[in-house]
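Colleague: Okay, so here is structure-v4.cif, and as you'll see once you scroll down, it has mmCIF, C-alpha atoms.
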data_my_file
loop_
_atom_site.label_atom_id
_atom_site.label_comp_id
_atom_site.auth_asym_id
_atom_site.auth_seq_id
_atom_site.Cartn_x
_atom_site.Cartn_y
_atom_site.Cartn_z
CA MET H 1 15.46 23.22 8.33
CA ASP H 2 15.88 24.44 4.82
CA PRO H 3 12.96 26.48 3.42
CA LEU H 4 12.97 24.92 -0.04
CA SER H 5 12.77 21.35 1.21
CA GLU H 6 10.03 22.41 3.64
CA TYR H 7 8.12 23.81 0.67
CA ILE H 8 8.60 20.67 -1.44
CA ARG H 9 7.55 18.48 1.49
CA GLY H 10 4.06 20.04 1.33
CA ILE H 11 3.71 18.91 -2.28
CA THR H 12 5.15 15.41 -1.97
CA ARG H 13 5.37 13.62 1.37
CA ASP H 14 2.87 15.76 3.29
CA ASN H 15 0.58 16.31 0.32
CA PRO H 16 -2.79 17.11 1.90
CA ILE H 17 -4.82 14.66 -0.20
CA PHE H 18 -2.47 11.73 -0.84
CA GLY H 19 -0.08 12.08 2.09
CA LEU H 20 -2.12 13.33 5.01
CA VAL H 21 -5.53 12.32 3.58
CA LEU H 22 -7.13 15.49 4.89
CA GLY H 23 -9.59 17.81 3.22
CA LEU H 24 -11.22 15.21 1.01
CA CYS H 25 -14.63 16.87 0.91
CA PRO H 26 -13.69 19.93 -1.18
CA ALA H 27 -11.27 17.84 -3.24
CA LEU H 28 -14.17 15.71 -4.43
CA ALA H 29 -17.09 18.12 -4.35
CA VAL H 30 -15.89 21.11 -6.34
CA THR H 31 -13.58 19.39 -8.81
CA THR H 32 -16.09 19.23 -11.63
CA SER H 33 -13.80 21.55 -13.61
CA VAL H 34 -10.28 22.97 -13.46
CA GLU H 35 -11.72 26.46 -12.98
CA ASN H 36 -13.61 25.49 -9.82
CA ALA H 37 -10.55 23.64 -8.55
CA ILE H 38 -8.43 26.79 -8.90
CA GLY H 39 -11.04 28.96 -7.18
CA MET H 40 -11.38 26.55 -4.29
CA SER H 41 -7.62 26.20 -3.87
CA ALA H 42 -7.15 29.96 -3.90
CA GLY H 43 -9.69 30.41 -1.12
CA THR H 44 -8.17 27.60 0.93
CA ALA H 45 -4.64 28.90 0.35
CA PHE H 46 -5.54 32.37 1.60
CA VAL H 47 -7.09 30.99 4.77
CA LEU H 48 -4.26 28.52 5.35
CA VAL H 49 -1.50 31.12 4.94
CA CYS H 50 -3.24 33.74 7.09
CA ALA H 51 -4.21 31.26 9.81
CA ASN H 52 -0.73 29.73 9.94
CA ILE H 53 0.96 33.14 10.25
CA PHE H 54 -1.53 34.37 12.83
CA ILE H 55 -1.40 31.24 14.98
CA SER H 56 2.36 30.82 14.88
CA SER H 57 2.90 34.44 15.88
CA LEU H 58 0.57 33.97 18.85
CA ARG H 59 1.70 30.44 19.72
CA LYS H 60 3.35 31.50 23.00
CA GLN H 61 0.20 33.33 24.16
CA ILE H 62 -2.36 30.63 23.33
CA PRO H 63 -3.01 28.39 26.36
CA ALA H 64 -2.74 24.71 25.44
CA ALA H 65 -6.06 23.73 27.01
CA VAL H 66 -8.21 26.00 24.85
CA ARG H 67 -6.08 26.04 21.70
CA LEU H 68 -8.56 24.19 19.48
CA PRO H 69 -11.48 26.61 20.05
CA ILE H 70 -9.08 29.50 19.46
CA PHE H 71 -7.81 27.95 16.21
CA ILE H 72 -11.38 27.47 15.00
CA ILE H 73 -12.35 31.07 15.76
CA VAL H 74 -9.24 32.39 13.97
CA ILE H 75 -9.93 30.19 10.95
CA ALA H 76 -13.62 31.12 10.91
CA THR H 77 -12.69 34.80 10.83
CA PHE H 78 -10.45 34.40 7.79
CA VAL H 79 -13.05 32.22 6.07
CA SER H 80 -15.67 34.92 6.59
CA ILE H 81 -13.29 37.37 4.88
CA VAL H 82 -12.81 35.03 1.89
CA ASP H 83 -16.56 34.46 1.74
CA MET H 84 -17.30 38.19 1.53
CA ILE H 85 -14.51 38.94 -0.96
CA MET H 86 -15.61 36.12 -3.28
CA GLU H 87 -19.25 37.14 -3.08
CA ALA H 88 -18.38 40.76 -3.90
CA TYR H 89 -15.78 40.35 -6.64
CA PHE H 90 -16.22 36.87 -8.16
CA PRO H 91 -19.99 36.20 -8.10
CA PRO H 92 -20.00 33.40 -10.75
CA MET H 93 -17.24 31.53 -8.93
CA TYR H 94 -19.05 32.08 -5.64
CA ALA H 95 -22.24 30.63 -7.11
CA ALA H 96 -20.41 27.59 -8.50
CA LEU H 97 -18.62 26.77 -5.24
CA GLY H 98 -21.70 27.49 -3.16
CA VAL H 99 -21.69 26.18 0.36
CA PHE H 100 -18.09 24.95 0.07
CA ILE H 101 -16.59 28.42 0.59
CA PRO H 102 -17.97 28.80 4.13
CA LEU H 103 -17.15 25.12 4.65
CA ILE H 104 -13.43 25.88 4.35
CA VAL H 105 -13.74 26.52 8.06
CA VAL H 106 -14.09 22.79 8.74
CA ASN H 107 -11.45 21.75 6.22
CA CYS H 108 -9.27 19.44 8.27
CA VAL H 109 -6.12 20.53 6.41
CA ILE H 110 -6.19 23.98 7.96
CA ILE H 111 -6.79 23.01 11.55
CA GLY H 112 -4.45 20.07 11.06
CA ARG H 113 -1.57 22.34 10.01
CA ALA H 114 -2.37 24.81 12.79
CA GLU H 115 -2.14 22.03 15.35
CA ALA H 116 0.73 20.04 13.86
CA PHE H 117 2.95 22.80 12.52
CA ALA H 118 2.07 26.45 13.21
CA ASN H 119 1.63 25.80 16.90
CA LYS H 120 5.24 24.57 17.17
CA ASN H 121 7.27 26.54 14.63
CA ASN H 122 8.16 30.15 13.97
CA VAL H 123 6.31 32.50 11.64
CA PHE H 124 8.61 32.10 8.64
CA TYR H 125 8.52 28.30 8.54
CA SER H 126 4.78 28.31 9.16
CA PHE H 127 4.40 30.58 6.16
CA ILE H 128 6.54 28.27 4.00
CA ASP H 129 4.64 25.24 5.24
CA ALA H 130 1.30 26.88 4.38
CA LEU H 131 2.59 27.74 0.89
CA GLY H 132 3.80 24.19 0.31
CA ILE H 133 0.58 22.57 1.51
CA SER H 134 -1.49 25.02 -0.55
CA THR H 135 0.51 24.24 -3.67
CA GLY H 136 0.08 20.52 -3.06
CA PHE H 137 -3.65 21.03 -2.61
CA LEU H 138 -3.89 23.12 -5.79
CA LEU H 139 -2.01 20.58 -7.89
CA VAL H 140 -4.12 17.63 -6.73
CA LEU H 141 -7.38 19.52 -7.16
CA MET H 142 -6.37 20.62 -10.66
CA LEU H 143 -5.40 17.05 -11.53
CA ILE H 144 -8.72 15.63 -10.33
CA GLY H 145 -10.66 18.51 -11.92
CA GLY H 146 -8.76 18.10 -15.19
CA ILE H 147 -9.39 14.35 -15.40
CA ARG H 148 -13.07 14.75 -14.62
CA GLU H 149 -13.55 17.69 -16.97
CA ILE H 150 -11.76 16.16 -19.96
CA LEU H 151 -13.56 12.83 -19.65
CA GLY H 152 -16.91 14.37 -18.79
CA THR H 153 -17.11 17.16 -21.35
CA GLY H 154 -14.31 16.44 -23.84
CA GLN H 155 -12.49 19.70 -23.24
CA ILE H 156 -10.94 21.86 -20.55
CA VAL H 157 -12.18 25.45 -20.53
CA THR H 158 -10.66 27.71 -17.92
CA PHE H 159 -11.68 31.36 -17.49
CA GLY H 160 -12.92 31.49 -21.09
CA TYR H 161 -9.82 29.91 -22.69
CA THR H 162 -9.95 26.42 -24.13
CA LEU H 163 -6.81 24.76 -22.82
CA LEU H 164 -7.31 21.31 -24.24
CA SER H 165 -9.86 19.74 -26.47
CA LEU H 166 -10.22 16.10 -27.46
CA PRO H 167 -10.84 15.28 -31.15
CA VAL H 168 -13.62 12.93 -30.14
CA ASN H 169 -16.03 13.70 -27.36
CA PRO H 170 -16.04 10.85 -24.84
CA SER H 171 -18.76 12.64 -22.80
CA VAL H 172 -18.81 10.16 -19.96
CA THR H 173 -21.14 12.45 -18.04
CA THR H 174 -20.82 10.20 -15.01
CA MET H 175 -17.36 11.68 -14.54
CA ILE H 176 -18.69 15.12 -13.66
CA LEU H 177 -21.38 13.58 -11.47
CA PRO H 178 -20.51 12.45 -7.91
CA PRO H 179 -19.51 8.83 -8.80
CA GLY H 180 -16.78 10.15 -11.11
CA ALA H 181 -15.14 11.93 -8.20
CA PHE H 182 -14.92 8.76 -6.12
CA LEU H 183 -13.66 6.76 -9.08
CA THR H 184 -10.98 9.33 -9.96
CA ILE H 185 -9.61 9.65 -6.45
CA GLY H 186 -9.72 5.87 -5.95
CA VAL H 187 -7.65 5.26 -9.08
CA LEU H 188 -5.21 8.09 -8.26
CA MET H 189 -4.72 6.80 -4.72
CA ALA H 190 -4.11 3.28 -5.97
CA ILE H 191 -1.44 4.64 -8.34
CA VAL H 192 0.21 6.64 -5.54
CA ASN H 193 0.20 3.56 -3.27
CA TYR H 194 1.69 1.45 -6.02
CA GLN H 195 4.49 3.96 -6.66
CA ARG H 196 5.25 4.23 -2.95
CA ALA H 197 5.41 0.46 -2.55
CA LYS H 198 7.75 0.21 -5.53
CA LYS H 199 10.00 2.93 -4.11
CA ARG H 200 10.08 1.19 -0.73
CA ALA H 201 10.94 -2.13 -2.30
CA LYS H 202 13.79 -0.52 -4.20
CA GLY H 203 15.06 1.39 -1.15
CA GLY H 204 14.92 -1.52 1.29
CA MET W 1 -39.16 31.63 -1.93
CA VAL W 2 -41.26 28.69 -3.04
CA GLU W 3 -42.90 26.87 -0.18
CA LYS W 4 -41.57 23.30 -0.28
CA ALA W 5 -43.51 20.35 1.06
CA LEU W 6 -41.99 18.80 4.15
CA PHE W 7 -41.98 15.39 2.50
CA ALA W 8 -40.02 16.80 -0.41
CA ILE W 9 -37.46 18.29 1.96
CA PHE W 10 -37.20 15.00 3.80
CA MET W 11 -36.63 12.93 0.64
CA GLU W 12 -34.15 15.50 -0.60
CA GLY W 13 -32.17 15.26 2.62
CA VAL W 14 -32.14 11.46 2.72
CA PHE W 15 -31.66 10.49 -0.92
CA ILE W 16 -31.37 13.16 -3.59
CA LYS W 17 -28.95 15.42 -1.77
CA ASN W 18 -27.46 12.65 0.33
CA PHE W 19 -24.75 14.29 2.36
CA LEU W 20 -22.09 11.65 2.09
CA ILE W 21 -22.11 10.43 -1.46
CA ILE W 22 -23.85 13.15 -3.45
CA GLN W 23 -22.70 16.30 -1.69
CA PHE W 24 -19.40 14.95 -0.35
CA LEU W 25 -19.91 16.34 3.13
CA GLY W 26 -18.40 14.43 6.04
CA LEU W 27 -16.08 12.20 4.06
CA CYS W 28 -13.46 11.95 6.81
CA SER W 29 -15.76 9.90 9.01
CA PHE W 30 -17.10 8.08 5.95
CA VAL W 31 -13.72 6.51 5.18
CA GLY W 32 -12.46 6.68 8.76
CA VAL W 33 -15.01 4.84 10.90
CA THR W 34 -16.67 2.49 8.41
CA LYS W 35 -14.20 -0.32 9.03
CA ASP W 36 -16.62 -2.06 11.37
CA PHE W 37 -20.38 -1.92 11.69
CA LYS W 38 -20.60 -1.10 15.38
CA SER W 39 -18.52 2.08 15.28
CA ALA W 40 -20.34 3.20 12.15
CA ALA W 41 -23.67 2.77 13.93
CA GLY W 42 -22.47 4.65 17.01
CA MET W 43 -21.03 7.46 14.94
CA SER W 44 -24.26 7.76 12.96
CA GLY W 45 -26.28 8.00 16.14
CA ALA W 46 -24.09 10.80 17.43
CA VAL W 47 -24.26 12.62 14.09
CA ILE W 48 -28.09 12.39 13.88
CA PHE W 49 -28.30 13.89 17.36
CA VAL W 50 -25.80 16.67 16.72
CA MET W 51 -27.32 17.52 13.32
CA THR W 52 -30.86 17.80 14.67
CA MET W 53 -29.81 19.86 17.65
CA ALA W 54 -27.53 22.05 15.56
CA ALA W 55 -30.29 22.71 13.02
CA THR W 56 -32.65 23.72 15.84
CA ALA W 57 -30.21 25.83 17.82
CA SER W 58 -28.67 27.59 14.85
CA TYR W 59 -32.10 28.51 13.49
CA MET W 60 -32.95 30.15 16.81
CA ILE W 61 -29.66 32.01 16.97
CA TYR W 62 -29.77 33.14 13.35
CA THR W 63 -33.39 34.31 13.38
CA TYR W 64 -33.72 35.80 16.85
CA ILE W 65 -30.24 37.08 17.62
CA LEU W 66 -28.25 37.70 14.43
CA VAL W 67 -30.88 38.93 11.96
CA PRO W 68 -32.61 41.54 14.20
CA ARG W 69 -29.20 43.09 14.93
CA SER W 70 -28.11 42.72 11.27
CA MET W 71 -25.07 40.73 12.29
CA GLU W 72 -25.46 37.98 9.70
CA PHE W 73 -21.74 38.19 8.94
CA LEU W 74 -21.12 36.49 12.28
CA ASN W 75 -23.15 33.41 11.29
CA LEU W 76 -20.18 31.17 10.53
CA ILE W 77 -18.47 31.86 13.85
CA SER W 78 -21.62 31.47 15.94
CA PHE W 79 -22.64 28.23 14.21
CA ILE W 80 -19.29 26.61 14.77
CA VAL W 81 -19.39 27.53 18.46
CA VAL W 82 -22.88 26.01 18.81
CA ILE W 83 -21.73 22.80 17.12
CA ALA W 84 -18.61 22.57 19.26
CA ALA W 85 -20.70 22.87 22.42
CA LEU W 86 -23.13 20.17 21.25
CA VAL W 87 -20.32 17.79 20.38
CA GLN W 88 -18.81 18.31 23.82
CA LEU W 89 -22.17 17.34 25.31
CA VAL W 90 -22.39 14.16 23.22
CA GLU W 91 -18.84 13.29 24.19
CA PHE W 92 -19.66 13.50 27.91
CA VAL W 93 -22.73 11.31 27.51
CA VAL W 94 -21.01 8.66 25.39
CA ARG W 95 -17.93 8.50 27.60
CA LYS W 96 -20.05 8.08 30.73
CA ASN W 97 -22.59 5.58 29.40
CA ILE W 98 -20.96 3.60 26.55
CA PRO W 99 -17.20 3.53 27.25
CA SER W 100 -16.54 0.77 24.69
CA LEU W 101 -18.07 2.87 21.92
CA TYR W 102 -16.10 5.87 23.14
CA ARG W 103 -12.85 3.94 22.69
CA SER W 104 -13.69 2.60 19.24
CA LEU W 105 -14.73 6.02 17.90
CA GLY W 106 -11.51 7.55 19.16
CA ILE W 107 -10.54 10.81 17.56
CA PHE W 108 -13.61 10.86 15.33
CA LEU W 109 -16.00 11.81 18.11
CA PRO W 110 -14.46 15.23 18.88
CA LEU W 111 -13.91 15.59 15.15
CA ILE W 112 -17.69 15.77 14.58
CA THR W 113 -17.13 19.47 15.31
CA THR W 114 -15.15 19.74 12.12
CA ASN W 115 -17.41 17.30 10.29
CA CYS W 116 -18.50 19.28 7.26
CA ALA W 117 -21.84 17.47 7.26
CA VAL W 118 -23.05 19.14 10.45
CA LEU W 119 -22.00 22.64 9.46
CA GLY W 120 -23.32 21.85 5.96
CA VAL W 121 -26.84 21.21 7.27
CA VAL W 122 -26.82 24.47 9.16
CA LEU W 123 -25.48 26.51 6.24
CA LEU W 124 -27.81 24.90 3.71
CA ASN W 125 -30.76 25.72 5.98
CA VAL W 126 -29.76 29.37 5.95
CA LEU W 127 -29.07 29.38 2.19
CA SER W 128 -32.42 27.80 1.31
CA GLU W 129 -34.24 30.15 3.73
CA TYR W 130 -36.10 27.31 5.44
CA ASN W 131 -38.47 28.14 8.28
CA PHE W 132 -38.18 26.47 11.68
CA ILE W 133 -40.04 23.23 10.93
CA GLN W 134 -38.35 22.86 7.56
CA SER W 135 -34.92 23.38 9.11
CA VAL W 136 -35.49 20.69 11.71
CA VAL W 137 -36.91 18.25 9.13
CA PHE W 138 -33.92 18.84 6.88
CA GLY W 139 -31.57 18.28 9.83
CA VAL W 140 -33.22 14.97 10.74
CA ALA W 141 -33.36 13.86 7.09
CA ALA W 142 -29.69 14.62 6.53
CA GLY W 143 -28.86 12.60 9.64
CA ILE W 144 -30.91 9.64 8.42
CA GLY W 145 -29.34 9.81 4.97
CA TYR W 146 -25.91 9.87 6.60
CA THR W 147 -26.82 6.82 8.71
CA ILE W 148 -28.13 4.79 5.78
CA VAL W 149 -24.99 5.30 3.76
CA MET W 150 -22.65 4.77 6.71
CA LEU W 151 -24.30 1.45 7.55
CA MET W 152 -24.31 0.25 3.95
CA MET W 153 -20.68 1.20 3.56
CA ALA W 154 -19.66 -0.44 6.85
CA SER W 155 -21.43 -3.69 5.97
CA ILE W 156 -19.82 -3.84 2.56
CA ARG W 157 -16.37 -3.07 3.91
CA GLU W 158 -16.69 -5.58 6.74
CA ARG W 159 -17.58 -8.34 4.28
CA SER W 160 -14.91 -7.36 1.81
CA THR W 161 -12.08 -7.48 4.36
CA PHE W 162 -11.12 -10.96 3.22
CA VAL W 163 -11.45 -10.33 -0.50
CA HIS W 164 -8.11 -10.75 -2.18
CA VAL W 165 -7.09 -7.47 -3.83
CA PRO W 166 -3.71 -6.11 -4.93
CA SER W 167 -1.92 -4.56 -1.97
CA SER W 168 -1.91 -1.06 -3.43
CA ILE W 169 -5.71 -1.08 -3.70
CA ARG W 170 -6.29 -2.37 -0.17
CA GLY W 171 -7.57 0.23 2.24
CA LEU W 172 -8.58 3.67 1.03
CA PRO W 173 -8.72 3.05 -2.76
CA GLN W 174 -10.91 0.03 -2.15
CA ALA W 175 -13.22 2.14 0.02
CA PHE W 176 -13.45 4.73 -2.73
CA PHE W 177 -14.35 2.09 -5.33
CA VAL W 178 -17.16 0.85 -3.09
CA ALA W 179 -18.27 4.47 -2.69
CA THR W 180 -18.33 4.86 -6.48
CA MET W 181 -20.82 2.01 -6.77
CA LEU W 182 -23.01 3.37 -3.95
CA SER W 183 -22.87 6.81 -5.48
CA LEU W 184 -23.89 5.49 -8.90
CA ALA W 185 -27.00 4.06 -7.29
CA PHE W 186 -27.82 7.22 -5.36
CA VAL W 187 -27.34 9.55 -8.33
CA ASN W 188 -30.30 7.86 -9.97
CA TYR W 189 -32.70 8.77 -7.18
CA PHE W 190 -32.66 12.14 -8.86
CA TRP W 191 -34.71 10.60 -11.69
CA VAL W 192 -36.78 8.23 -9.56
CA ILE W 193 -38.21 10.73 -7.11
CA PRO W 194 -39.67 13.71 -8.96
CA ILE W 195 -40.00 16.75 -6.72
#
The structure in this file should be written as structure tokens.

Modeller:
Amino acid sequence: MDPLSEYIRGITRDNPIFGLVLGLCPALAVTTSVENAIGMSAGTAFVLVCANIFISSLRKQIPAAVRLPIFIIVIATFVSIVDMIMEAYFPPMYAALGVFIPLIVVNCVIIGRAEAFANKNNVFYSFIDALGISTGFLLVLMLIGGIREILGTGQIVTFGYTLLSLPVNPSVTTMILPPGAFLTIGVLMAIVNYQRAKKRAKGG
Amino acid sequence: MVEKALFAIFMEGVFIKNFLIIQFLGLCSFVGVTKDFKSAAGMSGAVIFVMTMAATASYMIYTYILVPRSMEFLNLISFIVVIAALVQLVEFVVRKNIPSLYRSLGIFLPLITTNCAVLGVVLLNVLSEYNFIQSVVFGVAAGIGYTIVMLMMASIRERSTFVHVPSSIRGLPQAFFVATMLSLAFVNYFWVIPI
């Protein structure tokens, strides 16, 4: 296995949202803006990296029969850490993400990677895998957040800087309400499916 | 905190803060088991049960064990253990009594443990500082709201199986477009029911 291709795999083929279709709840719920998307991805990335390292280094000690409860306890511990750090140092972000920070514990991506990858591979590759999956998650969340923010408010403001501003304000407020999230991910998934089908047709 | 009427909490749980399509909690099962009506109904029954029990049990644990010992930081870990135990219980009962349902639910039954909706109810109860009755009412309401949307979604998807759509839209994207329409309807309850 080559580390770079392992890393890229997390962004493309095993992309958590479009490839594995895991972790949809945070991807839809907190993507009202790019800023929230970054905050959420950072929290998830921390938990994913720590949990993957921890579980892969203990993979020979964890009995197979009780591995899932152990994974959940490990993940819950790291999520509690993120929860406290965010509450102490980034209160506005914590308020915006609300209940979704503690809910990282039930994000299927993390337990999915623990079960499918960290439990079978060594620490280094588990670390690379976690980085790749986190990057994939961040990119998709930023894409969804960006689409919703630009259509919903006419501009993208991240940490006080205006990144992009449309000359006319479309202000389709529905886009930052829940229906916009479903619509955005539906369209994006259709595009991904279409591209994959085209690639398959070309390859075969 | 402001004392909220029980009816207000109930309506909030069912419609205004509907777990599936307003708060996006529990989406895995929403797109996973809504392909046919029967599994959706079975799943909803299991979720109502687990949600109600989890709301009750976690309130007890939080108020009588964690708070007096100022161990609130352990809430996440203890809640998830409670939920896991409850799901195990449901799994035993379903496997013993309704084996056909057990087969059609498949992986999604044990996955209720990691269903964000259940943990969401418990965490929202703690965040909104509900008392015992309010917590239980919110748990039941969230379960009913989940059921309503699951059944609507399953019926629509069952009937739209034979609709001719482009192949890249078939499956998940189609489900998300249906969800968009449902969500558009539910967003407006916010204006219809003044609380």

Colleague: Quick check on the file I pasted: which residues fall under the PyMOL selection byres ((chain W) within 10 of (chain H))? Write them as a ChimeraX atom specification.

Modeller: /W:20-28,31,73-78,80-81,84,111-121,123-124,127,166-187

Colleague: Given the point (2.0, 22.6, 12.6) in the coordinates of this file, which residues lie within 10 Å, counting all atoms listed in the file, and how would they look as a list of chain:residue names?

Modeller: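 Returned residue set, sorted by chain then number, is H:Asn52, H:Ile55, H:Ser56, H:Ile110, H:Ile111, H:Gly112, H:Arg113, H:Ala114, H:Glu115, H:Ala116, H:Phe117, H:Ala118, H:Asn119, H:Lys120, H:Asn121, H:Asn122, H:Tyr125, H:Ser126, H:Asp129, H:Ala130.
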
Colleague: For the atom pair CA of Thr52 (chain W) and CA of Val136 (chain W), what is the interatomic distance in Å to one decimal place?

Modeller: 6.2 Å

Colleague: List the residues selected by the PyMOL selection byres ((chain W and resi 16) around 6) in the file shown, writing them as a count of residues only.

Modeller: 6

Colleague: Do a neighbour search on Ser104 (chain W) at 9 Å with all atoms listed in the file, toss out local chain neighbours closer than 6 positions, and write the hits as a PyMOL selection string.

Modeller: chain W and resi 33+38-39

Colleague: Show me, as an MDAnalysis selection string, the residues that have an atom within 10 Å of Ala42 (chain H) when counting all atoms listed in the file, minus same-chain residues fewer than 3 positions from it.

Modeller: chainID H and resid 36:39 45:48 82 134:135 137:138

Colleague: How about completing region 102-113 of chain W with N, CA and C atoms and giving it to me as a PDB file, in the frame of the given file?

Modeller:
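Result saved to out.pdb:
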ATOM      1  N   TYR W 102     -16.958   4.698  23.062  1.00  0.00           N
ATOM      2  CA  TYR W 102     -16.100   5.870  23.140  1.00  0.00           C
ATOM      3  C   TYR W 102     -14.687   5.526  22.682  1.00  0.00           C
ATOM      4  N   ARG W 103     -14.198   4.334  23.092  1.00  0.00           N
ATOM      5  CA  ARG W 103     -12.850   3.940  22.690  1.00  0.00           C
ATOM      6  C   ARG W 103     -12.766   3.657  21.194  1.00  0.00           C
ATOM      7  N   SER W 104     -13.810   2.982  20.647  1.00  0.00           N
ATOM      8  CA  SER W 104     -13.690   2.600  19.240  1.00  0.00           C
ATOM      9  C   SER W 104     -13.859   3.805  18.316  1.00  0.00           C
ATOM     10  N   LEU W 105     -14.592   4.836  18.764  1.00  0.00           N
ATOM     11  CA  LEU W 105     -14.730   6.020  17.900  1.00  0.00           C
ATOM     12  C   LEU W 105     -13.464   6.860  17.914  1.00  0.00           C
ATOM     13  N   GLY W 106     -12.795   6.864  19.069  1.00  0.00           N
ATOM     14  CA  GLY W 106     -11.510   7.550  19.160  1.00  0.00           C
ATOM     15  C   GLY W 106     -11.601   9.021  18.785  1.00  0.00           C
ATOM     16  N   ILE W 107     -10.679   9.408  17.923  1.00  0.00           N
ATOM     17  CA  ILE W 107     -10.540  10.810  17.560  1.00  0.00           C
ATOM     18  C   ILE W 107     -11.758  11.320  16.790  1.00  0.00           C
ATOM     19  N   PHE W 108     -12.543  10.390  16.202  1.00  0.00           N
ATOM     20  CA  PHE W 108     -13.610  10.860  15.330  1.00  0.00           C
ATOM     21  C   PHE W 108     -14.767  11.484  16.064  1.00  0.00           C
ATOM     22  N   LEU W 109     -14.897  11.198  17.369  1.00  0.00           N
ATOM     23  CA  LEU W 109     -16.000  11.810  18.110  1.00  0.00           C
ATOM     24  C   LEU W 109     -15.793  13.320  18.282  1.00  0.00           C
ATOM     25  N   PRO W 110     -14.657  13.773  18.847  1.00  0.00           N
ATOM     26  CA  PRO W 110     -14.460  15.230  18.880  1.00  0.00           C
ATOM     27  C   PRO W 110     -14.407  15.843  17.487  1.00  0.00           C
ATOM     28  N   LEU W 111     -14.027  15.042  16.505  1.00  0.00           N
ATOM     29  CA  LEU W 111     -13.910  15.590  15.150  1.00  0.00           C
ATOM     30  C   LEU W 111     -15.264  15.845  14.503  1.00  0.00           C
ATOM     31  N   ILE W 112     -16.376  15.429  15.150  1.00  0.00           N
ATOM     32  CA  ILE W 112     -17.690  15.770  14.580  1.00  0.00           C
ATOM     33  C   ILE W 112     -17.797  17.290  14.463  1.00  0.00           C
ATOM     34  N   THR W 113     -17.111  18.010  15.381  1.00  0.00           N
ATOM     35  CA  THR W 113     -17.130  19.470  15.310  1.00  0.00           C
ATOM     36  C   THR W 113     -16.695  19.941  13.937  1.00  0.00           C
TER      37      THR W 113
END
